[in-house]
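Novice: The structure that follows is given in the form of structure tokens.
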Amino acid sequence: MDKTVKLRAFPGDAKDNSPQSNLTEDQDKSLELVKKNTQLEEEKKKSLEQLKIIEQLRESLRQEQAKMAEMVKNAAGPDVNQLAVKDAQLEEEKSRSLENLKMIVQLRESLKQEQAKTAEMVKMMTEQEARTKASSALEAKARELTEALGKIAAIAAAVKAG
């Protein structure tokens, strides 16, 4: 007596129940990565602006020094007050240039740190994707084995009954 055993191609319990939280974590990480990249771009723009300002200040300082040298050459009897004012202005320009230079160095360091953090996040996301793929492969293998076990059980029941 032949008996036909009908098996469902996809059992009701074998639905893809992959956790949705991984998707939102990936989205959160992606959003955070985008934010970090935006911040990095802003910091880079600020650094470039500061660099331009420093170059302008350096040029201004050179011009002031040239003016000062010209005044010294032209002055038969240099006016002490004017020289003192010019010296004070030059010192102020130097001070501002140094402050801006320090700020640029700090911004560059901050940019390097942010780039390192971003690289680490990309690495973590890549690792998470690899784990997700491996998990999917294991789930598929488990489904295959479950189906095979079901078929074996059905055959064993048919042999036992027959």
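Note on naming: chains are A, B, ... as they come in the structure tokens, residues start from 1 per chain, ligands start from 1 in the order shown.
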If DSSP is run on the backbone, what residues of segment 5-128 of chain A are alpha helix (DSSP H)? A reply as a PyMOL selection string would be ideal.

Specialist: chain A and resi 20-74+80-128

Novice: For C-alpha atoms, I'd like the residues from the last selection saved as a short mmCIF file (atom, residue, chain, number, x, y, z; two decimals), in the first residue's frame.

Specialist:
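Wrote again34.cif, looks like this:
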data_model
loop_
_atom_site.label_atom_id
_atom_site.label_comp_id
_atom_site.auth_asym_id
_atom_site.auth_seq_id
_atom_site.Cartn_x
_atom_site.Cartn_y
_atom_site.Cartn_z
CA GLN A 20 14.74 43.98 13.04
CA SER A 21 16.97 45.55 15.65
CA ASN A 22 20.08 44.75 13.54
CA LEU A 23 18.62 46.74 10.71
CA THR A 24 17.99 49.73 12.92
CA GLU A 25 21.43 49.40 14.49
CA ASP A 26 22.97 49.43 11.03
CA GLN A 27 20.83 52.41 10.12
CA ASP A 28 21.85 54.17 13.33
CA LYS A 29 25.50 53.43 12.61
CA SER A 30 25.11 54.66 9.05
CA LEU A 31 23.40 57.82 10.26
CA GLU A 32 26.12 58.37 12.84
CA LEU A 33 28.74 57.80 10.15
CA VAL A 34 27.08 60.37 7.92
CA LYS A 35 26.97 62.83 10.82
CA LYS A 36 30.65 62.24 11.58
CA ASN A 37 31.56 62.74 7.93
CA THR A 38 29.59 65.98 7.89
CA GLN A 39 31.37 67.13 11.03
CA LEU A 40 34.69 66.19 9.48
CA GLU A 41 33.88 68.22 6.39
CA GLU A 42 32.89 71.19 8.54
CA GLU A 43 36.10 70.93 10.54
CA LYS A 44 38.08 70.68 7.33
CA LYS A 45 36.38 73.81 5.97
CA LYS A 46 37.09 75.64 9.22
CA SER A 47 40.71 74.55 9.08
CA LEU A 48 41.05 75.80 5.52
CA GLU A 49 39.46 79.11 6.46
CA GLN A 50 41.83 79.48 9.39
CA LEU A 51 44.76 78.64 7.14
CA LYS A 52 43.68 81.35 4.70
CA ILE A 53 43.40 83.82 7.57
CA ILE A 54 46.88 82.90 8.77
CA GLU A 55 48.28 83.37 5.28
CA GLN A 56 46.58 86.75 5.09
CA LEU A 57 47.96 87.68 8.47
CA ARG A 58 51.44 86.58 7.46
CA GLU A 59 51.20 88.67 4.32
CA SER A 60 49.95 91.60 6.36
CA LEU A 61 52.85 91.11 8.75
CA ARG A 62 55.33 91.09 5.84
CA GLN A 63 53.80 94.27 4.49
CA GLU A 64 53.97 95.92 7.87
CA GLN A 65 57.57 94.87 8.26
CA ALA A 66 58.36 96.25 4.81
CA LYS A 67 56.61 99.52 5.70
CA MET A 68 58.53 99.66 8.93
CA ALA A 69 61.82 99.11 7.16
CA GLU A 70 60.93 101.80 4.63
CA MET A 71 59.99 104.21 7.39
CA VAL A 72 63.27 103.57 9.17
CA LYS A 73 65.20 104.24 5.96
CA ASN A 74 63.26 107.42 5.16
CA VAL A 80 59.98 107.03 18.77
CA ASN A 81 56.22 107.03 19.29
CA GLN A 82 55.49 105.85 15.76
CA LEU A 83 58.06 103.10 16.04
CA ALA A 84 56.60 101.99 19.34
CA VAL A 85 53.09 101.90 17.82
CA LYS A 86 54.30 99.89 14.83
CA ASP A 87 56.20 97.49 17.08
CA ALA A 88 53.07 96.98 19.19
CA GLN A 89 51.04 96.32 16.03
CA LEU A 90 53.60 93.83 14.79
CA GLU A 91 53.60 92.01 18.12
CA GLU A 92 49.80 91.89 18.05
CA GLU A 93 49.86 90.47 14.53
CA LYS A 94 52.40 87.86 15.57
CA SER A 95 50.31 86.94 18.59
CA ARG A 96 47.16 86.48 16.48
CA SER A 97 49.08 84.44 13.93
CA LEU A 98 50.39 82.13 16.62
CA GLU A 99 46.95 81.69 18.15
CA ASN A 100 45.46 80.84 14.77
CA LEU A 101 48.29 78.43 14.07
CA LYS A 102 47.65 76.65 17.38
CA MET A 103 43.96 76.44 16.56
CA ILE A 104 44.73 74.92 13.16
CA VAL A 105 46.98 72.32 14.75
CA GLN A 106 44.21 71.43 17.21
CA LEU A 107 41.64 71.22 14.43
CA ARG A 108 43.91 68.97 12.39
CA GLU A 109 44.37 66.66 15.37
CA SER A 110 40.62 66.62 15.94
CA LEU A 111 40.10 65.81 12.27
CA LYS A 112 42.56 62.90 12.49
CA GLN A 113 40.74 61.55 15.54
CA GLU A 114 37.37 61.80 13.83
CA GLN A 115 38.75 60.06 10.75
CA ALA A 116 40.08 57.25 12.94
CA LYS A 117 36.67 56.91 14.62
CA THR A 118 34.96 56.83 11.25
CA ALA A 119 37.33 54.14 10.00
CA GLU A 120 36.63 52.08 13.11
CA MET A 121 32.88 52.42 12.58
CA VAL A 122 33.21 51.29 8.96
CA LYS A 123 35.22 48.29 10.13
CA MET A 124 32.58 47.42 12.73
CA MET A 125 29.79 47.71 10.15
CA THR A 126 31.69 45.44 7.77
CA GLU A 127 32.16 42.88 10.51
CA GLN A 128 28.46 43.08 11.41
#

Novice: So that I can check the surroundings of Thr4 of chain A, please list as a CSV table (one decimal) with N, CA and C atoms, in the first residue's frame every protein, DNA and RNA residue that reaches within 12 Å of it, counting only C-alpha atoms and ignoring chain neighbours fewer than 4 positions away.

Specialist:
chain,number,residue,atom,x,y,z
A,151,LYS,N,11.5,14.4,6.5
A,151,LYS,CA,11.4,13.4,5.5
A,151,LYS,C,11.8,12.0,6.1
A,154,ALA,N,9.1,10.8,8.3
A,154,ALA,CA,8.0,10.4,7.6
A,154,ALA,C,8.2,9.0,7.0
A,155,ILE,N,9.4,8.8,6.5
A,155,ILE,CA,9.8,7.5,5.9
A,155,ILE,C,9.8,6.4,7.0
A,157,ALA,N,8.1,6.5,9.8
A,157,ALA,CA,6.7,6.2,10.2
A,157,ALA,C,6.1,5.3,9.2
A,158,ALA,N,6.3,5.6,7.9
A,158,ALA,CA,5.7,4.7,6.9
A,158,ALA,C,6.3,3.3,6.9
